[in-house]
Amino acid sequence: MKKITAPAIKARKGGEKITMITAYDEPSARIADRAGADIILVGDSVANVVLGREDTLAMTVDEMVYHTAAVMTAEPSSLVVGDMPWLSYHTTPENAVDNAGRLVRDGGAGAVKLEGGRKRLDVVNAVLDAEIPVMGHLGLTPQSVHAMGGYRVQGKQAAAAYELITDARALAEAGVFAIVLEGVPDVLAEMVTAEIAVPTIGIGAGAGCDGQVLVFHDVLGLHDKRTAKFVRQYANIADVAVEALERFFADVRSGSFPGDDETYHMPEESAEILRELNSGDLGGAGLATDSFLADEAMEQ
Ligand code: KIV
């Protein structure tokens, strides 16, 4: 399959809906790629769904590079977007370029995502100027959890909604290749989508966006925590996994695991020598056969 690029995603504006899912390691990236994800986001939501944290704020560039590199090991044809963690692009544009560069150079990402609108334009311009494609993220931006006073739907009032449209316009004009719209009313998402020339990718933003993204662990039911209203869970892997482990433990307790075909064997004549050796019948005479026996056992 041909590798999907940021310009190719941008060209999908208004066409077939864009599919995006998070992944944080090689197995999840392989699954996402096999299922046909256009974009794999190595999201800082790894903090919530893998590391069990309340928010994403403690994620570091090193950790995001580590997870991005793990995803790239799967060699997905999906475009891999590395999420820039909090404070990796909030100080200076130079610092932001260095950190975005690490996600690309050390992690292997084909693009980066960062949260915020006009406030981050200098950073967006600097990263774009370094030839790194940028995905924007507006609305409920989890790195602003304290500033927002919690994880709240954004843009419910006309004035705030208009600010968001202005932010989206500014990001699109700066040259981002797509914008994630998270936790906003559907009417607002539809207006942004109609207004800008780059694809919008919704999460809790209604059906009017150019694409949709959800978190891997939420879609597959890999955890048993409460999820947001916008999550549709397509499987309950956690229950399947618990049931499988219960059966494994039961087999261990009953002695039915491991079975004969899950066990390595030794030729009967070697076993006989070993028994004699162990019972002292051969004294030290058989000791030279020790390594031979070990090698043989490994080969069975
Ligand atoms: O970190 C993440 O997973 C995200 C998505 C929810 C868009 O930013």
# chains A, B, ... in the order shown; residues from 1 in each chain; ligands from 1
call {"tool": "select_by_dssp", "arguments": {"residues": "stretch 51-151 of chain A", "states": "strand (DSSP E or B)", "output": "MDAnalysis selection string"}}
result
chainID A and resid 79:83 111:113 134:139
call {"tool": "residues_around", "arguments": {"residues": "A:Gln154", "least_positions_apart": "6", "cutoff": "12 Å", "atoms": "only C-alpha atoms", "output": "NGL selection string"}}
result
:A and (138-142 or 144-145 or 148 or 160-165 or 181-186 or 188-189 or 204-205)
call {"tool": "closest_atom_pairs", "arguments": {"of": "chain A", "to": "ligand 1", "cutoff": "8 Å", "atoms": "only C-alpha atoms and all ligand atoms", "output": "Markdown table"}}
result
| residue | atom | partner | partner_atom_place_in_ligand_line | distance |
| --- | --- | --- | --- | --- |
| A:Thr22 | CA | ligand 1 | 3 (O) | 5.7 |
| A:Leu41 | CA | ligand 1 | 3 (O) | 6.7 |
| A:Val42 | CA | ligand 1 | 3 (O) | 7.0 |
| A:Gly43 | CA | ligand 1 | 1 (O) | 3.3 |
| A:Asp44 | CA | ligand 1 | 1 (O) | 4.1 |
| A:Ser45 | CA | ligand 1 | 1 (O) | 3.9 |
| A:Val46 | CA | ligand 1 | 1 (O) | 6.9 |
| A:Thr56 | CA | ligand 1 | 1 (O) | 7.9 |
| A:Asp83 | CA | ligand 1 | 1 (O) | 6.6 |
| A:Lys113 | CA | ligand 1 | 8 (O) | 7.9 |
| A:His137 | CA | ligand 1 | 7 (C) | 7.4 |
| A:Thr141 | CA | ligand 1 | 8 (O) | 7.6 |
| A:Pro142 | CA | ligand 1 | 8 (O) | 7.5 |
| A:Val180 | CA | ligand 1 | 7 (C) | 6.2 |
| A:Leu181 | CA | ligand 1 | 7 (C) | 7.9 |
| A:Glu182 | CA | ligand 1 | 7 (C) | 6.9 |
| A:Ile203 | CA | ligand 1 | 7 (C) | 6.6 |
| A:Val213 | CA | ligand 1 | 7 (C) | 6.4 |
| A:Leu214 | CA | ligand 1 | 6 (C) | 6.3 |
| A:Val215 | CA | ligand 1 | 3 (O) | 5.7 |
call {"tool": "atom_distance", "arguments": {"atom1": "atom CA of A:Ala74", "atom2": "atom CA of A:Glu26"}}
result
5.2 Å
call {"tool": "select_by_dssp", "arguments": {"residues": "stretch 34-189 of chain A", "states": "alpha helix (DSSP H)", "output": "PyMOL selection string"}}
result
chain A and resi 34+46-49+61-72+93-105+121-129+145-148+158-174+186-189
call {"tool": "closest_residue", "arguments": {"among": "A:Pro85, A:Gly108, A:Asp98, A:Lys10", "to": "A:Ala172", "atoms": "only C-alpha atoms"}}
result
A:Lys10
call {"tool": "residues_around", "arguments": {"residues": "A:Ile201", "least_positions_apart": "5", "cutoff": "8 Å", "atoms": "only C-alpha atoms", "output": "VMD selection string"}}
result
chain A and resid 18 178 to 181 209 to 213
call {"tool": "write_last_selection", "arguments": {"atoms": "C-alpha atoms", "output": "PDB file, in the first residue's frame"}}
result
ATOM      1  CA  ILE A  18     -11.014  10.707   6.425  1.00  0.00           C
ATOM      2  CA  ALA A 178      -6.029  19.523   8.597  1.00  0.00           C
ATOM      3  CA  ILE A 179      -7.677  20.634  11.832  1.00  0.00           C
ATOM      4  CA  VAL A 180      -9.056  18.440  14.618  1.00  0.00           C
ATOM      5  CA  LEU A 181     -12.280  19.877  16.060  1.00  0.00           C
ATOM      6  CA  CYS A 209     -16.672  17.170   9.526  1.00  0.00           C
ATOM      7  CA  ASP A 210     -14.457  15.896   6.700  1.00  0.00           C
ATOM      8  CA  GLY A 211     -13.307  13.007   8.876  1.00  0.00           C
ATOM      9  CA  GLN A 212     -13.582  11.492  12.344  1.00  0.00           C
ATOM     10  CA  VAL A 213     -11.080  10.429  15.004  1.00  0.00           C
TER      11      VAL A 213
END
call {"tool": "residues_around", "arguments": {"residues": "A:Ser88", "least_positions_apart": "5", "cutoff": "10 Å", "atoms": "only C-alpha atoms", "output": "number ranges by chain"}}
result
A: 59-61, 93, 95-100, 114
call {"tool": "closest_residue", "arguments": {"among": "A:Val127, A:Gln157, A:Lys13, A:Val134", "to": "A:Phe177", "atoms": "only C-alpha atoms"}}
result
A:Val134
call {"tool": "closest_residue", "arguments": {"among": "A:His67, A:Val176, A:Val242, A:Ala29", "to": "A:Pro199", "atoms": "only C-alpha atoms"}}
result
A:Val176
call {"tool": "closest_residue", "arguments": {"among": "A:Glu75, A:Glu115, A:Asp239, A:Glu276", "to": "A:Ser28", "atoms": "only C-alpha atoms"}}
result
A:Glu75
call {"tool": "closest_residue", "arguments": {"among": "A:Arg30, A:Ala235, A:Asp224, A:Phe230", "to": "A:Ala207", "atoms": "only C-alpha atoms"}}
result
A:Phe230
call {"tool": "residues_around", "arguments": {"residues": "A:Asp167", "least_positions_apart": "3", "cutoff": "6 Å", "atoms": "only C-alpha atoms", "output": "list of chain:residue names"}}
result
A:Gly117, A:Arg118, A:Leu164, A:Ala170
call {"tool": "closest_residue", "arguments": {"among": "A:Gly14, A:Asp55, A:Asp62, A:Ala271", "to": "A:Glu195", "atoms": "only C-alpha atoms"}}
result
A:Gly14
call {"tool": "decode", "arguments": {"residues": "stretch 174-185 of chain A", "atoms": "all heavy atoms", "output": "PDB file, in the first residue's frame"}}
result
ATOM      1  N   ALA A 174      -2.568  29.796   7.367  1.00  0.00           N
ATOM      2  CA  ALA A 174      -1.137  29.618   7.664  1.00  0.00           C
ATOM      3  C   ALA A 174      -0.574  28.403   6.934  1.00  0.00           C
ATOM      4  O   ALA A 174       0.621  28.346   6.642  1.00  0.00           O
ATOM      5  CB  ALA A 174      -0.930  29.480   9.174  1.00  0.00           C
ATOM      6  N   GLY A 175      -1.446  27.398   6.685  1.00  0.00           N
ATOM      7  CA  GLY A 175      -0.979  26.248   5.902  1.00  0.00           C
ATOM      8  C   GLY A 175      -1.045  24.901   6.600  1.00  0.00           C
ATOM      9  O   GLY A 175      -0.438  23.937   6.131  1.00  0.00           O
ATOM     10  N   VAL A 176      -1.801  24.796   7.719  1.00  0.00           N
ATOM     11  CA  VAL A 176      -1.956  23.465   8.320  1.00  0.00           C
ATOM     12  C   VAL A 176      -2.671  22.567   7.309  1.00  0.00           C
ATOM     13  O   VAL A 176      -3.422  23.071   6.461  1.00  0.00           O
ATOM     14  CB  VAL A 176      -2.753  23.516   9.656  1.00  0.00           C
ATOM     15  CG1 VAL A 176      -2.071  24.412  10.669  1.00  0.00           C
ATOM     16  CG2 VAL A 176      -4.201  23.928   9.443  1.00  0.00           C
ATOM     17  N   PHE A 177      -2.434  21.257   7.376  1.00  0.00           N
ATOM     18  CA  PHE A 177      -3.044  20.382   6.358  1.00  0.00           C
ATOM     19  C   PHE A 177      -4.392  19.830   6.785  1.00  0.00           C
ATOM     20  O   PHE A 177      -5.141  19.272   5.974  1.00  0.00           O
ATOM     21  CB  PHE A 177      -2.088  19.242   5.955  1.00  0.00           C
ATOM     22  CG  PHE A 177      -1.901  18.183   7.018  1.00  0.00           C
ATOM     23  CD1 PHE A 177      -2.689  17.039   7.032  1.00  0.00           C
ATOM     24  CD2 PHE A 177      -0.942  18.332   8.006  1.00  0.00           C
ATOM     25  CE1 PHE A 177      -2.522  16.057   7.991  1.00  0.00           C
ATOM     26  CE2 PHE A 177      -0.768  17.358   8.991  1.00  0.00           C
ATOM     27  CZ  PHE A 177      -1.561  16.228   8.981  1.00  0.00           C
ATOM     28  N   ALA A 178      -4.731  19.976   8.080  1.00  0.00           N
ATOM     29  CA  ALA A 178      -6.029  19.523   8.597  1.00  0.00           C
ATOM     30  C   ALA A 178      -6.187  20.099  10.002  1.00  0.00           C
ATOM     31  O   ALA A 178      -5.194  20.521  10.620  1.00  0.00           O
ATOM     32  CB  ALA A 178      -6.103  17.994   8.642  1.00  0.00           C
ATOM     33  N   ILE A 179      -7.429  20.130  10.474  1.00  0.00           N
ATOM     34  CA  ILE A 179      -7.677  20.634  11.832  1.00  0.00           C
ATOM     35  C   ILE A 179      -8.602  19.663  12.567  1.00  0.00           C
ATOM     36  O   ILE A 179      -9.679  19.316  12.049  1.00  0.00           O
ATOM     37  CB  ILE A 179      -8.331  22.041  11.807  1.00  0.00           C
ATOM     38  CG1 ILE A 179      -7.421  23.054  11.096  1.00  0.00           C
ATOM     39  CG2 ILE A 179      -8.647  22.513  13.238  1.00  0.00           C
ATOM     40  CD1 ILE A 179      -8.015  24.462  10.994  1.00  0.00           C
ATOM     41  N   VAL A 180      -8.180  19.230  13.746  1.00  0.00           N
ATOM     42  CA  VAL A 180      -9.056  18.440  14.618  1.00  0.00           C
ATOM     43  C   VAL A 180      -9.991  19.409  15.332  1.00  0.00           C
ATOM     44  O   VAL A 180      -9.556  20.426  15.875  1.00  0.00           O
ATOM     45  CB  VAL A 180      -8.227  17.638  15.653  1.00  0.00           C
ATOM     46  CG1 VAL A 180      -9.137  17.045  16.740  1.00  0.00           C
ATOM     47  CG2 VAL A 180      -7.436  16.531  14.971  1.00  0.00           C
ATOM     48  N   LEU A 181     -11.291  19.100  15.301  1.00  0.00           N
ATOM     49  CA  LEU A 181     -12.280  19.877  16.060  1.00  0.00           C
ATOM     50  C   LEU A 181     -12.801  18.960  17.147  1.00  0.00           C
ATOM     51  O   LEU A 181     -13.441  17.940  16.861  1.00  0.00           O
ATOM     52  CB  LEU A 181     -13.429  20.318  15.160  1.00  0.00           C
ATOM     53  CG  LEU A 181     -13.085  21.291  14.034  1.00  0.00           C
ATOM     54  CD1 LEU A 181     -14.330  21.586  13.190  1.00  0.00           C
ATOM     55  CD2 LEU A 181     -12.503  22.593  14.596  1.00  0.00           C
ATOM     56  N   GLU A 182     -12.516  19.299  18.392  1.00  0.00           N
ATOM     57  CA  GLU A 182     -12.908  18.415  19.503  1.00  0.00           C
ATOM     58  C   GLU A 182     -13.921  19.103  20.410  1.00  0.00           C
ATOM     59  O   GLU A 182     -13.747  20.279  20.787  1.00  0.00           O
ATOM     60  CB  GLU A 182     -11.658  18.021  20.320  1.00  0.00           C
ATOM     61  CG  GLU A 182     -12.012  17.138  21.521  1.00  0.00           C
ATOM     62  CD  GLU A 182     -10.806  16.485  22.190  1.00  0.00           C
ATOM     63  OE1 GLU A 182      -9.674  16.645  21.706  1.00  0.00           O
ATOM     64  OE2 GLU A 182     -11.028  15.802  23.213  1.00  0.00           O
ATOM     65  N   GLY A 183     -14.972  18.380  20.779  1.00  0.00           N
ATOM     66  CA  GLY A 183     -15.923  18.849  21.784  1.00  0.00           C
ATOM     67  C   GLY A 183     -16.547  20.192  21.460  1.00  0.00           C
ATOM     68  O   GLY A 183     -16.481  21.111  22.278  1.00  0.00           O
ATOM     69  N   VAL A 184     -17.148  20.277  20.265  1.00  0.00           N
ATOM     70  CA  VAL A 184     -17.847  21.526  19.882  1.00  0.00           C
ATOM     71  C   VAL A 184     -19.220  21.141  19.308  1.00  0.00           C
ATOM     72  O   VAL A 184     -19.409  20.024  18.813  1.00  0.00           O
ATOM     73  CB  VAL A 184     -17.051  22.345  18.828  1.00  0.00           C
ATOM     74  CG1 VAL A 184     -15.725  22.819  19.382  1.00  0.00           C
ATOM     75  CG2 VAL A 184     -16.839  21.557  17.542  1.00  0.00           C
ATOM     76  N   PRO A 185     -20.189  22.075  19.349  1.00  0.00           N
ATOM     77  CA  PRO A 185     -21.512  21.781  18.779  1.00  0.00           C
ATOM     78  C   PRO A 185     -21.425  21.495  17.286  1.00  0.00           C
ATOM     79  O   PRO A 185     -20.579  22.067  16.582  1.00  0.00           O
ATOM     80  CB  PRO A 185     -22.304  23.069  19.041  1.00  0.00           C
ATOM     81  CG  PRO A 185     -21.566  23.779  20.123  1.00  0.00           C
ATOM     82  CD  PRO A 185     -20.126  23.405  19.958  1.00  0.00           C
TER      83      PRO A 185
END
